[in-house]
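> Provided below: query_29.cif, containing mmCIF, C-alpha atoms.
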data_my_file
#
loop_
_atom_site.group_PDB
_atom_site.id
_atom_site.type_symbol
_atom_site.label_atom_id
_atom_site.label_comp_id
_atom_site.auth_asym_id
_atom_site.auth_seq_id
_atom_site.Cartn_x
_atom_site.Cartn_y
_atom_site.Cartn_z
ATOM 1 C CA MET A 1035 -27.070 -14.448 -9.320
ATOM 2 C CA GLU A 1036 -26.129 -10.849 -9.958
ATOM 3 C CA VAL A 1037 -28.393 -8.395 -11.747
ATOM 4 C CA GLY A 1038 -26.494 -8.318 -15.049
ATOM 5 C CA GLN A 1039 -26.729 -12.083 -15.313
ATOM 6 C CA MET A 1040 -30.430 -12.047 -14.531
ATOM 7 C CA GLN A 1041 -31.003 -9.369 -17.135
ATOM 8 C CA ARG A 1042 -29.178 -11.390 -19.782
ATOM 9 C CA ARG A 1043 -31.196 -14.461 -18.872
ATOM 10 C CA LEU A 1044 -34.419 -12.469 -19.204
ATOM 11 C CA VAL A 1045 -33.412 -11.048 -22.584
ATOM 12 C CA ASP A 1046 -32.530 -14.532 -23.909
ATOM 13 C CA TYR A 1047 -35.730 -15.998 -22.550
ATOM 14 C CA THR A 1048 -37.928 -13.262 -23.954
ATOM 15 C CA LYS A 1049 -36.213 -13.448 -27.348
ATOM 16 C CA SER A 1050 -36.837 -17.193 -27.480
ATOM 17 C CA LEU A 1051 -40.560 -16.600 -26.917
ATOM 18 C CA PHE A 1052 -40.620 -14.385 -30.003
ATOM 19 C CA MET A 1053 -38.476 -16.766 -32.043
ATOM 20 C CA GLU A 1054 -40.704 -19.705 -31.206
ATOM 21 C CA GLY A 1055 -43.809 -17.727 -32.126
ATOM 22 C CA PHE A 1056 -45.387 -17.683 -28.691
ATOM 23 C CA LEU A 1057 -45.402 -13.904 -28.739
ATOM 24 C CA ASP A 1058 -45.565 -11.415 -31.584
ATOM 25 C CA ALA A 1059 -44.915 -7.680 -32.032
ATOM 26 C CA GLN A 1060 -48.107 -6.749 -30.199
ATOM 27 C CA PHE A 1061 -46.485 -7.875 -26.952
ATOM 28 C CA LEU A 1062 -43.627 -5.475 -27.621
ATOM 29 C CA GLN A 1063 -46.201 -2.715 -28.040
ATOM 30 C CA LEU A 1064 -47.540 -3.517 -24.563
ATOM 31 C CA GLN A 1065 -44.060 -3.312 -23.081
ATOM 32 C CA GLN A 1066 -43.486 0.014 -24.818
ATOM 33 C CA LEU A 1067 -46.725 1.399 -23.397
ATOM 34 C CA GLN A 1068 -45.607 0.630 -19.861
ATOM 35 C CA ASP A 1069 -44.102 3.641 -18.117
ATOM 36 C CA GLU A 1070 -43.545 5.190 -14.680
ATOM 37 C CA SER A 1071 -47.147 6.330 -14.456
ATOM 38 C CA ASN A 1072 -48.256 2.712 -14.964
ATOM 39 C CA PRO A 1073 -45.315 0.430 -14.091
ATOM 40 C CA ASP A 1074 -47.510 -2.688 -13.794
ATOM 41 C CA PHE A 1075 -49.308 -2.261 -17.089
ATOM 42 C CA VAL A 1076 -48.000 -5.450 -18.698
ATOM 43 C CA VAL A 1077 -48.657 -7.553 -15.599
ATOM 44 C CA GLU A 1078 -52.199 -6.161 -15.382
ATOM 45 C CA VAL A 1079 -53.006 -6.830 -19.013
ATOM 46 C CA VAL A 1080 -51.504 -10.314 -18.879
ATOM 47 C CA SER A 1081 -53.525 -11.095 -15.733
ATOM 48 C CA LEU A 1082 -56.692 -9.957 -17.451
ATOM 49 C CA PHE A 1083 -55.803 -12.241 -20.338
ATOM 50 C CA PHE A 1084 -55.367 -15.210 -18.000
ATOM 51 C CA ASP A 1085 -58.685 -14.592 -16.233
ATOM 52 C CA ASP A 1086 -60.552 -13.981 -19.478
ATOM 53 C CA SER A 1087 -59.059 -17.033 -21.217
ATOM 54 C CA GLU A 1088 -59.736 -19.421 -18.418
ATOM 55 C CA LYS A 1089 -63.361 -18.401 -18.315
ATOM 56 C CA LEU A 1090 -63.673 -18.695 -22.084
ATOM 57 C CA LEU A 1091 -62.027 -22.127 -22.148
ATOM 58 C CA ASN A 1092 -64.509 -23.304 -19.507
ATOM 59 C CA ASP A 1093 -67.400 -21.885 -21.494
ATOM 60 C CA LEU A 1094 -66.091 -23.571 -24.637
ATOM 61 C CA THR A 1095 -65.720 -26.919 -22.899
ATOM 62 C CA MET A 1096 -69.297 -26.707 -21.690
ATOM 63 C CA ALA A 1097 -70.673 -25.498 -25.007
ATOM 64 C CA LEU A 1098 -69.027 -28.362 -26.898
ATOM 65 C CA ASP A 1099 -70.243 -30.855 -24.330
ATOM 66 C CA GLN A 1100 -73.900 -30.269 -25.136
ATOM 67 C CA PRO A 1101 -76.007 -32.887 -26.981
ATOM 68 C CA ASN A 1102 -76.917 -30.218 -29.557
ATOM 69 C CA VAL A 1103 -73.933 -27.967 -29.938
ATOM 70 C CA ASP A 1104 -74.759 -24.326 -30.568
ATOM 71 C CA PHE A 1105 -71.943 -23.479 -32.983
ATOM 72 C CA LYS A 1106 -72.855 -19.801 -33.049
ATOM 73 C CA LYS A 1107 -72.234 -19.625 -29.335
ATOM 74 C CA VAL A 1108 -69.006 -21.606 -29.662
ATOM 75 C CA ASP A 1109 -67.841 -19.267 -32.419
ATOM 76 C CA ALA A 1110 -68.672 -16.220 -30.300
ATOM 77 C CA HIS A 1111 -66.458 -17.513 -27.480
ATOM 78 C CA VAL A 1112 -63.619 -18.344 -29.878
ATOM 79 C CA HIS A 1113 -63.947 -14.918 -31.466
ATOM 80 C CA GLN A 1114 -63.486 -13.345 -28.062
ATOM 81 C CA LEU A 1115 -60.491 -15.518 -27.242
ATOM 82 C CA LYS A 1116 -58.975 -14.716 -30.617
ATOM 83 C CA GLY A 1117 -59.456 -11.030 -29.870
ATOM 84 C CA SER A 1118 -57.858 -11.042 -26.456
ATOM 85 C CA SER A 1119 -54.939 -13.255 -27.481
ATOM 86 C CA SER A 1120 -54.353 -10.959 -30.442
ATOM 87 C CA SER A 1121 -54.480 -7.913 -28.164
ATOM 88 C CA ILE A 1122 -51.678 -9.180 -25.952
ATOM 89 C CA GLY A 1123 -49.638 -10.739 -28.720
ATOM 90 C CA ALA A 1124 -50.194 -14.413 -27.836
ATOM 91 C CA GLN A 1125 -49.677 -15.439 -31.445
ATOM 92 C CA ARG A 1126 -50.009 -19.217 -31.232
ATOM 93 C CA VAL A 1127 -53.239 -18.993 -29.243
ATOM 94 C CA LYS A 1128 -54.583 -16.520 -31.783
ATOM 95 C CA ASN A 1129 -53.683 -18.804 -34.695
ATOM 96 C CA ALA A 1130 -55.289 -21.793 -32.991
ATOM 97 C CA CYS A 1131 -58.445 -19.702 -32.618
ATOM 98 C CA ILE A 1132 -58.460 -18.801 -36.302
ATOM 99 C CA ALA A 1133 -58.407 -22.498 -37.239
ATOM 100 C CA PHE A 1134 -61.049 -23.176 -34.614
ATOM 101 C CA ARG A 1135 -63.417 -20.616 -36.134
ATOM 102 C CA SER A 1136 -63.262 -22.151 -39.588
ATOM 103 C CA PHE A 1137 -64.350 -25.510 -38.150
ATOM 104 C CA CYS A 1138 -67.150 -23.808 -36.235
ATOM 105 C CA GLU A 1139 -68.364 -22.490 -39.542
ATOM 106 C CA GLU A 1140 -68.408 -26.049 -40.901
ATOM 107 C CA GLN A 1141 -70.187 -27.173 -37.725
ATOM 108 C CA ASN A 1142 -67.704 -30.019 -37.507
ATOM 109 C CA ILE A 1143 -67.958 -31.418 -33.988
ATOM 110 C CA ASP A 1144 -64.905 -33.680 -34.100
ATOM 111 C CA ALA A 1145 -62.673 -31.014 -35.556
ATOM 112 C CA THR A 1146 -63.876 -28.383 -33.106
ATOM 113 C CA LEU A 1147 -63.204 -30.700 -30.165
ATOM 114 C CA ARG A 1148 -59.678 -31.195 -31.459
ATOM 115 C CA CYS A 1149 -59.329 -27.434 -31.873
ATOM 116 C CA LEU A 1150 -60.393 -26.904 -28.306
ATOM 117 C CA GLN A 1151 -57.629 -29.233 -27.138
ATOM 118 C CA GLN A 1152 -55.170 -27.396 -29.348
ATOM 119 C CA VAL A 1153 -56.193 -23.976 -28.028
ATOM 120 C CA LYS A 1154 -55.995 -25.204 -24.442
ATOM 121 C CA GLN A 1155 -52.537 -26.579 -25.038
ATOM 122 C CA GLU A 1156 -51.298 -23.343 -26.612
ATOM 123 C CA TYR A 1157 -52.888 -21.315 -23.847
ATOM 124 C CA TYR A 1158 -51.259 -23.278 -21.021
ATOM 125 C CA LEU A 1159 -47.919 -23.144 -22.809
ATOM 126 C CA VAL A 1160 -47.966 -19.368 -23.219
ATOM 127 C CA LYS A 1161 -49.318 -18.900 -19.715
ATOM 128 C CA ASN A 1162 -46.379 -20.844 -18.353
ATOM 129 C CA LYS A 1163 -43.914 -18.890 -20.486
ATOM 130 C CA LEU A 1164 -45.358 -15.513 -19.521
ATOM 131 C CA GLU A 1165 -45.384 -16.376 -15.837
ATOM 132 C CA THR A 1166 -41.749 -17.438 -16.042
ATOM 133 C CA MET A 1167 -40.838 -14.223 -17.859
ATOM 134 C CA LEU A 1168 -42.703 -12.027 -15.387
ATOM 135 C CA ARG A 1169 -41.085 -13.850 -12.477
ATOM 136 C CA LEU A 1170 -37.642 -13.154 -13.939
ATOM 137 C CA GLU A 1171 -38.599 -9.484 -14.275
ATOM 138 C CA GLN A 1172 -39.770 -9.384 -10.666
ATOM 139 C CA GLN A 1173 -36.484 -10.845 -9.464
ATOM 140 C CA ILE A 1174 -34.519 -8.220 -11.353
ATOM 141 C CA VAL A 1175 -36.590 -5.383 -9.943
ATOM 142 C CA ALA A 1176 -36.347 -6.834 -6.439
ATOM 143 C CA ALA A 1177 -32.572 -6.893 -6.806
ATOM 144 C CA GLY A 1178 -32.618 -3.212 -7.747
ATOM 145 C CA GLY A 1179 -32.124 -3.674 -11.479
ATOM 146 C CA SER A 1180 -34.172 -2.383 -14.402
ATOM 147 C CA ILE A 1181 -35.978 -4.362 -17.071
ATOM 148 C CA PRO A 1182 -34.032 -4.308 -20.343
ATOM 149 C CA MET A 1183 -36.043 -3.387 -23.443
ATOM 150 C CA ILE A 1184 -35.968 -6.030 -26.153
ATOM 151 C CA GLU A 1185 -34.945 -4.917 -29.622
ATOM 152 C CA LEU A 1186 -36.017 -7.254 -32.370
ATOM 153 C CA GLY A 1187 -34.965 -7.257 -35.981
ATOM 154 C CA PHE A 1188 -38.386 -7.496 -37.607
ATOM 155 C CA MET B 537 -66.738 27.692 -16.024
ATOM 156 C CA VAL B 538 -65.016 28.791 -19.187
ATOM 157 C CA MET B 539 -61.790 27.157 -20.267
ATOM 158 C CA ALA B 540 -59.687 28.260 -23.193
ATOM 159 C CA ALA B 541 -60.172 25.626 -25.882
ATOM 160 C CA SER B 542 -56.485 25.354 -26.604
ATOM 161 C CA GLU B 543 -55.676 24.392 -22.998
ATOM 162 C CA THR B 544 -58.122 21.565 -22.421
ATOM 163 C CA LYS B 545 -57.270 18.041 -23.431
ATOM 164 C CA PHE B 546 -59.459 16.376 -26.016
ATOM 165 C CA HIS B 547 -61.946 14.024 -24.399
ATOM 166 C CA VAL B 548 -62.365 10.643 -26.061
ATOM 167 C CA LEU B 549 -65.177 8.243 -25.270
ATOM 168 C CA ALA B 550 -64.019 4.655 -25.837
ATOM 169 C CA VAL B 551 -66.578 1.872 -26.210
ATOM 170 C CA ASP B 552 -65.593 -1.807 -26.030
ATOM 171 C CA ASP B 553 -67.234 -4.773 -24.357
ATOM 172 C CA THR B 554 -63.890 -6.525 -23.720
ATOM 173 C CA LEU B 555 -62.006 -5.493 -20.594
ATOM 174 C CA ILE B 556 -58.561 -6.132 -22.080
ATOM 175 C CA ASP B 557 -59.276 -4.001 -25.131
ATOM 176 C CA ARG B 558 -60.783 -1.247 -22.999
ATOM 177 C CA LYS B 559 -57.650 -1.181 -20.914
ATOM 178 C CA LEU B 560 -55.471 -1.135 -24.018
ATOM 179 C CA ILE B 561 -57.321 1.619 -25.836
ATOM 180 C CA GLU B 562 -57.440 3.670 -22.653
ATOM 181 C CA LYS B 563 -53.649 3.394 -22.272
ATOM 182 C CA LEU B 564 -53.034 4.209 -25.928
ATOM 183 C CA LEU B 565 -55.238 7.287 -25.681
ATOM 184 C CA LYS B 566 -53.771 8.470 -22.368
ATOM 185 C CA THR B 567 -50.247 8.004 -23.718
ATOM 186 C CA SER B 568 -51.302 10.329 -26.537
ATOM 187 C CA SER B 569 -52.480 12.901 -23.974
ATOM 188 C CA TYR B 570 -56.207 12.458 -24.366
ATOM 189 C CA GLN B 571 -58.678 12.464 -21.518
ATOM 190 C CA VAL B 572 -60.490 9.126 -21.666
ATOM 191 C CA THR B 573 -63.823 7.722 -20.549
ATOM 192 C CA ALA B 574 -64.200 4.011 -21.284
ATOM 193 C CA VAL B 575 -67.565 2.245 -21.244
ATOM 194 C CA ASP B 576 -68.500 -1.325 -22.045
ATOM 195 C CA SER B 577 -71.570 -0.889 -24.250
ATOM 196 C CA GLY B 578 -73.241 1.341 -26.820
ATOM 197 C CA THR B 579 -76.117 1.870 -24.410
ATOM 198 C CA LYS B 580 -73.756 3.153 -21.717
ATOM 199 C CA ALA B 581 -72.070 5.376 -24.296
ATOM 200 C CA LEU B 582 -75.393 6.978 -25.185
ATOM 201 C CA GLU B 583 -76.235 7.385 -21.517
ATOM 202 C CA PHE B 584 -72.899 9.066 -20.921
ATOM 203 C CA LEU B 585 -73.522 11.456 -23.775
ATOM 204 C CA GLY B 586 -76.945 12.223 -22.393
ATOM 205 C CA LEU B 587 -78.820 10.966 -25.426
ATOM 206 C CA ASN B 588 -81.210 8.867 -23.405
ATOM 207 C CA ASN B 589 -82.500 11.564 -21.132
ATOM 208 C CA ASN B 590 -83.750 15.065 -21.563
ATOM 209 C CA ASP B 591 -81.543 16.581 -18.881
ATOM 210 C CA HIS B 592 -79.021 19.150 -19.915
ATOM 211 C CA HIS B 593 -75.716 17.343 -20.274
ATOM 212 C CA ASP B 594 -72.445 18.911 -19.222
ATOM 213 C CA VAL B 595 -70.097 16.368 -20.637
ATOM 214 C CA GLU B 596 -68.164 17.332 -23.725
ATOM 215 C CA VAL B 597 -66.922 14.496 -25.890
ATOM 216 C CA ASN B 598 -64.622 15.312 -28.778
ATOM 217 C CA LEU B 599 -64.384 11.869 -30.361
ATOM 218 C CA ILE B 600 -65.961 8.454 -29.972
ATOM 219 C CA ILE B 601 -63.983 5.304 -30.697
ATOM 220 C CA THR B 602 -66.003 2.123 -30.670
ATOM 221 C CA ASP B 603 -65.562 -1.593 -31.173
ATOM 222 C CA TYR B 604 -67.752 -3.034 -33.890
ATOM 223 C CA CYS B 605 -68.689 -6.448 -32.443
ATOM 224 C CA MET B 606 -70.558 -5.905 -29.230
ATOM 225 C CA PRO B 607 -73.585 -7.731 -27.831
ATOM 226 C CA GLY B 608 -76.844 -5.807 -28.017
ATOM 227 C CA MET B 609 -75.949 -2.561 -29.748
ATOM 228 C CA THR B 610 -73.113 -3.028 -32.219
ATOM 229 C CA GLY B 611 -70.573 -0.314 -32.944
ATOM 230 C CA TYR B 612 -72.348 0.229 -36.244
ATOM 231 C CA ASP B 613 -75.698 0.725 -34.457
ATOM 232 C CA LEU B 614 -74.001 3.233 -32.167
ATOM 233 C CA LEU B 615 -72.456 5.043 -35.131
ATOM 234 C CA ARG B 616 -75.885 5.360 -36.752
ATOM 235 C CA LYS B 617 -77.498 6.626 -33.566
ATOM 236 C CA ILE B 618 -74.808 9.275 -33.127
ATOM 237 C CA LYS B 619 -75.041 10.435 -36.740
ATOM 238 C CA GLU B 620 -78.843 10.589 -36.565
ATOM 239 C CA SER B 621 -78.758 12.718 -33.433
ATOM 240 C CA SER B 622 -78.994 16.475 -33.956
ATOM 241 C CA SER B 623 -76.933 17.094 -30.809
ATOM 242 C CA PHE B 624 -74.124 14.653 -31.496
ATOM 243 C CA LYS B 625 -73.872 14.070 -35.228
ATOM 244 C CA ASP B 626 -70.818 16.287 -35.480
ATOM 245 C CA ILE B 627 -68.769 14.250 -33.030
ATOM 246 C CA PRO B 628 -66.250 12.245 -35.052
ATOM 247 C CA VAL B 629 -66.682 8.489 -34.673
ATOM 248 C CA VAL B 630 -64.016 5.863 -35.276
ATOM 249 C CA THR B 631 -64.842 2.165 -35.449
ATOM 250 C CA MET B 632 -62.548 -0.786 -34.683
ATOM 251 C CA SER B 633 -62.705 -4.499 -35.281
ATOM 252 C CA SER B 634 -60.508 -7.558 -34.966
ATOM 253 C CA ASP B 635 -62.059 -8.912 -38.170
ATOM 254 C CA ASN B 636 -60.907 -7.624 -41.522
ATOM 255 C CA ILE B 637 -64.176 -7.612 -43.470
ATOM 256 C CA PRO B 638 -64.112 -5.076 -46.327
ATOM 257 C CA SER B 639 -67.910 -4.788 -46.609
ATOM 258 C CA ARG B 640 -68.112 -4.020 -42.895
ATOM 259 C CA ILE B 641 -65.338 -1.436 -43.133
ATOM 260 C CA ASN B 642 -66.907 0.256 -46.149
ATOM 261 C CA ARG B 643 -70.328 0.371 -44.565
ATOM 262 C CA CYS B 644 -68.979 2.142 -41.476
ATOM 263 C CA LEU B 645 -66.975 4.638 -43.496
ATOM 264 C CA GLU B 646 -69.910 5.327 -45.828
ATOM 265 C CA ASP B 647 -72.239 5.879 -42.887
ATOM 266 C CA GLY B 648 -70.098 8.459 -41.192
ATOM 267 C CA ALA B 649 -67.124 6.831 -39.457
ATOM 268 C CA GLU B 650 -63.970 8.887 -39.901
ATOM 269 C CA GLU B 651 -61.648 5.917 -39.662
ATOM 270 C CA PHE B 652 -61.783 2.173 -39.222
ATOM 271 C CA PHE B 653 -58.981 0.625 -37.199
ATOM 272 C CA LEU B 654 -58.100 -3.055 -37.285
ATOM 273 C CA LYS B 655 -57.361 -4.500 -33.881
ATOM 274 C CA PRO B 656 -55.035 -4.672 -32.116
ATOM 275 C CA VAL B 657 -54.993 -0.887 -32.325
ATOM 276 C CA GLN B 658 -51.514 0.647 -32.508
ATOM 277 C CA LEU B 659 -50.135 3.959 -31.360
ATOM 278 C CA SER B 660 -49.757 4.870 -35.035
ATOM 279 C CA ASP B 661 -53.543 4.458 -35.426
ATOM 280 C CA VAL B 662 -54.228 6.719 -32.449
ATOM 281 C CA ASN B 663 -51.980 9.354 -34.045
ATOM 282 C CA LYS B 664 -54.470 9.498 -36.926
ATOM 283 C CA LEU B 665 -57.148 10.858 -34.591
ATOM 284 C CA ARG B 666 -55.655 14.276 -34.016
ATOM 285 C CA PRO B 667 -56.508 15.826 -37.418
ATOM 286 C CA HIS B 668 -60.177 14.887 -36.962
ATOM 287 C CA LEU B 669 -60.175 16.507 -33.535
ATOM 288 C CA MET B 670 -58.289 19.651 -34.605
ATOM 289 C CA LYS B 671 -60.658 20.175 -37.522
ATOM 290 C CA ARG B 672 -63.678 20.091 -35.210
ATOM 291 C CA ARG B 673 -62.120 22.353 -32.606
ATOM 292 C CA THR B 674 -61.328 25.040 -35.185
ATOM 293 C CA GLN B 675 -64.862 24.842 -36.554
ATOM 294 C CA THR B 676 -66.437 25.113 -33.103
ATOM 295 C CA ASN B 677 -64.347 28.176 -32.278
ATOM 296 C CA VAL B 678 -65.316 29.834 -35.527
ATOM 297 C CA ASN B 679 -69.014 29.169 -34.882
ATOM 298 C CA LYS B 680 -68.719 30.651 -31.404
ATOM 299 C CA ARG B 681 -67.009 33.763 -32.721
ATOM 300 C CA LYS B 682 -69.567 34.151 -35.489
ATOM 301 C CA ALA B 683 -72.415 33.819 -33.017
ATOM 302 C CA MET B 684 -70.934 36.644 -30.958
ATOM 303 C CA ASP B 685 -70.382 38.810 -34.051
ATOM 304 C CA GLU B 686 -73.947 38.314 -35.247
ATOM 305 C CA ILE B 687 -75.223 41.466 -33.649
ATOM 306 C CA VAL B 688 -72.441 43.602 -35.093
ATOM 307 C CA SER B 689 -72.581 43.041 -38.842
ATOM 308 C CA PRO B 690 -73.557 40.430 -41.411
ATOM 309 C CA ASP B 691 -70.708 38.413 -42.746
ATOM 310 C CA ARG B 692 -70.476 36.735 -46.091
ATOM 311 C CA THR B 693 -68.728 33.667 -44.671
ATOM 312 C CA ARG B 694 -71.183 33.066 -41.833
ATOM 313 C CA ALA B 695 -73.667 31.201 -44.003
ATOM 314 C CA ARG B 696 -70.953 28.934 -45.269
ATOM 315 C CA TYR B 697 -69.927 27.774 -41.779
ATOM 316 C CA ASN B 698 -73.512 27.277 -40.652
ATOM 317 C CA GLU B 699 -74.271 25.106 -43.618
ATOM 318 C CA LEU B 700 -70.956 23.304 -43.671
ATOM 319 C CA GLU B 701 -71.571 19.676 -44.313
ATOM 320 C CA VAL B 702 -69.472 17.573 -42.058
ATOM 321 C CA LYS B 703 -68.131 14.359 -43.507
#
Kindly return the structure encoded in the file as structure tokens.


Amino acid sequence: MEVGQMQRRLVDYTKSLFMEGFLDAQFLQLQQLQDESNPDFVVEVVSLFFDDSEKLLNDLTMALDQPNVDFKKVDAHVHQLKGSSSSIGAQRVKNACIAFRSFCEEQNIDATLRCLQQVKQEYYLVKNKLETMLRLEQQIVAAGGSIPMIELGF
Amino acid sequence: MVMAASETKFHVLAVDDTLIDRKLIEKLLKTSSYQVTAVDSGTKALEFLGLNNNDHHDVEVNLIITDYCMPGMTGYDLLRKIKESSSFKDIPVVTMSSDNIPSRINRCLEDGAEEFFLKPVQLSDVNKLRPHLMKRRTQTNVNKRKAMDEIVSPDRTRARYNELEVK
């Protein structure tokens, strides 16, 4: 596949992630911050997000698996996950965390368990999407092309 | 070593317990041409400033930007400590939070924070820092000049600058 084709595929793919709500404008901000002095900025931030999230999801699973659930602790973990997903623009994960927190406040064990499943699902979806997108970018760069900047109407 | 004030970059101390947000704020600040030191707690921030020891500190910090929700010392606690310190109370402090809680925002602003940014922090937010930094730099230069002029002759405006209440 030649570079122009790959670039078009990347643009379409990235646009779909915004259209489907996986990513929001904050992700664009990250891309705009990337420059020659820090060409791997987005990859680095996304990797941090993956590491951070996976640890938090483990902590959440354990915290909700206790006989006496400490909802303050659960909420603290969700708060952190909400923060990091918001910082990279992972909109659906962030929204799932917002719902999660309201059920933590109610100390509703069934609802919070469902929320955990929801957050995990959204996380793995966006992780998959981001990895695909970054892989496409890598292929373009390897072929000597440049990453096109996405312009969005909102 | 003496450096002309207009040539040195402003030095911002960023405080955030989350690695992602530290990385983000650092990039935003560097993109805006600030020199940045990022630490992960209020305690480390105070150590960096030299508040916790009696040694003479050489580090000059022009602005502190801190997350609100941090384990141990919150950003609010840090703000209070800075404002209660005779050495550091004039350093502008900006607080940030991912939660939009008006009472929290008001409390910080009332107790000395120059600005309160909602996370995720944008480049447009970082652009709001410059006036706070320029104001301080001008004031510092004036104080230095006045101190040098002291021997020469009394000046009507000197008292005003010495007693200037910083908000």

> Nearest residue to chain B out of A:Val1103, A:Val1045, A:Leu1064, A:Ala1145, using only C-alpha atoms?

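For chain B, the nearest of the given residues is A:Leu1064.
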
> Write out as a ChimeraX atom specification every residue belonging to chain A that has an atom at most 8 Å from any atom of chain B, counting all atoms listed in the file.

/A:1060,1063,1067,1079,1082-1083,1117-1118,1120-1121

> Taking only C-alpha atoms into account, which of B:Thr573, B:Thr631, B:Asn636, B:Thr544 comes nearest Asp661 in chain B?

B:Thr631

> Quick one: distance from CA of Ala1177 in chain A to CA of Phe1061 in chain A in Å, one decimal?

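About the pair CA of Ala1177 in chain A and CA of Phe1061 in chain A: they are 24.5 Å apart.
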
> Written as a ChimeraX atom specification, what is the full residue list that the PyMOL selection byres ((chain B and resi 580-583) around 12) yields on the file shown?

/B:548-553,573-579,584-591,593,595,597,599-603,608-611,613-618,621,623-624

> Can you measure CA of Pro628 in chain B to CA of Arg672 in chain B for me? One decimal in Å is fine.

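Answer for the CA of Pro628 in chain B to CA of Arg672 in chain B separation: 8.3 Å.
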
> From the set A:Thr1095, A:Glu1185, A:Leu1164, A:Gln1151, which residue has the shortest atom-to-atom contact distance to Ser1081 in chain A, counting all atoms listed in the file?

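Result for the nearest residue to Ser1081 in chain A: A:Leu1164.
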
> Would you kindly return, as a ChimeraX atom specification, each protein, DNA or RNA residue with an atom no farther than 12 Å from any atom of Lys664 in chain B, considering all atoms listed in the file and excluding same-chain residues fewer than 6 positions away?

/B:565,568,630,650-653,657-658,670

> Ranking A:Cys1138, A:Ala1133, A:Gln1125, A:Glu1054 by minimum distance to Val1108 in chain A and counting all atoms listed in the file, which one comes first?

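Selected residue with least distance to Val1108 in chain A: A:Cys1138.
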
> Would you list the residues near (-76.6, -20.9, -36.8), meaning any protein, DNA or RNA residue with an atom at most 10 Å from that point in file coordinates, counting only C-alpha atoms, as a PDB file with C-alpha atoms, keeping the file's coordinate frame?


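File written: point00.pdb
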ATOM      1  CA  ASP A1104     -74.759 -24.326 -30.568  1.00  0.00           C
ATOM      2  CA  PHE A1105     -71.943 -23.479 -32.983  1.00  0.00           C
ATOM      3  CA  LYS A1106     -72.855 -19.801 -33.049  1.00  0.00           C
ATOM      4  CA  LYS A1107     -72.234 -19.625 -29.335  1.00  0.00           C
ATOM      5  CA  ASP A1109     -67.841 -19.267 -32.419  1.00  0.00           C
ATOM      6  CA  CYS A1138     -67.150 -23.808 -36.235  1.00  0.00           C
ATOM      7  CA  GLU A1139     -68.364 -22.490 -39.542  1.00  0.00           C
ATOM      8  CA  GLN A1141     -70.187 -27.173 -37.725  1.00  0.00           C
TER       9      GLN A1141
END

> List the residues matched by the PyMOL selection byres ((chain A and resi 1148) around 12) in the displayed structure as a PyMOL selection string, ordered by chain and then by residue number.

chain A and resi 1095+1098+1130-1131+1133-1134+1137-1138+1142-1147+1149-1155

> Could you pull the residues within 10 Å of Gly1038 in chain A, counting only C-alpha atoms, minus those fewer than 4 positions along the same chain, as a ChimeraX atom specification?

/A:1042-1044,1174,1179-1180

> If I take CA of Lys619 in chain B and CA of Glu562 in chain B, how far is one from the other in Å, to one decimal?

23.5 Å

> For a quick check of understanding, using only C-alpha atoms, which of A:Glu1140, A:Glu1156, A:Arg1126, A:Arg1169 has the smallest distance to Asp1058 in chain A?

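Closest residue, counting only C-alpha atoms: A:Arg1126.
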
> Which one is closest to Met606 in chain B: A:Leu1094, A:Met1183, A:Ile1122, A:Ala1110? Count only C-alpha atoms.

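Of the candidates, the smallest distance to Met606 in chain B is held by A:Ala1110.
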
> List the residues sitting within 6 Å of (-35.3, -13.4, -16.4) in the file's frame, using all atoms listed in the file, as a list in words.

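Result, sorted by chain then residue number: Met1040, Gln1041, Arg1043, Leu1044, Met1167, Leu1170 and Glu1171 of chain A.
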
> Would you translate the PyMOL selection byres ((chain B and resi 545) around 7) into the concrete set of residues it matches in this file, as JSON, numbers by chain?

{"B": [543, 544, 546, 547, 570, 571]}

> N, CA, C and O atoms are what I want for range 598-603 of chain B; can you complete it accordingly and write them as a PDB file, in the coordinates of the input?


ATOM      1  N   ASN B 598     -65.170  14.825 -27.517  1.00  0.00           N
ATOM      2  CA  ASN B 598     -64.622  15.312 -28.778  1.00  0.00           C
ATOM      3  C   ASN B 598     -64.501  14.231 -29.848  1.00  0.00           C
ATOM      4  O   ASN B 598     -64.393  14.533 -31.031  1.00  0.00           O
ATOM      5  N   LEU B 599     -64.476  12.974 -29.401  1.00  0.00           N
ATOM      6  CA  LEU B 599     -64.384  11.869 -30.361  1.00  0.00           C
ATOM      7  C   LEU B 599     -64.878  10.588 -29.697  1.00  0.00           C
ATOM      8  O   LEU B 599     -64.692  10.391 -28.499  1.00  0.00           O
ATOM      9  N   ILE B 600     -65.518   9.748 -30.492  1.00  0.00           N
ATOM     10  CA  ILE B 600     -65.961   8.454 -29.972  1.00  0.00           C
ATOM     11  C   ILE B 600     -65.248   7.368 -30.763  1.00  0.00           C
ATOM     12  O   ILE B 600     -65.241   7.382 -32.000  1.00  0.00           O
ATOM     13  N   ILE B 601     -64.610   6.437 -30.035  1.00  0.00           N
ATOM     14  CA  ILE B 601     -63.983   5.304 -30.697  1.00  0.00           C
ATOM     15  C   ILE B 601     -64.666   4.048 -30.175  1.00  0.00           C
ATOM     16  O   ILE B 601     -64.739   3.824 -28.967  1.00  0.00           O
ATOM     17  N   THR B 602     -65.202   3.258 -31.098  1.00  0.00           N
ATOM     18  CA  THR B 602     -66.003   2.123 -30.670  1.00  0.00           C
ATOM     19  C   THR B 602     -65.645   0.827 -31.377  1.00  0.00           C
ATOM     20  O   THR B 602     -65.327   0.801 -32.571  1.00  0.00           O
ATOM     21  N   ASP B 603     -65.716  -0.258 -30.623  1.00  0.00           N
ATOM     22  CA  ASP B 603     -65.562  -1.593 -31.173  1.00  0.00           C
ATOM     23  C   ASP B 603     -66.793  -1.871 -32.030  1.00  0.00           C
ATOM     24  O   ASP B 603     -67.873  -1.341 -31.775  1.00  0.00           O
TER      25      ASP B 603
END
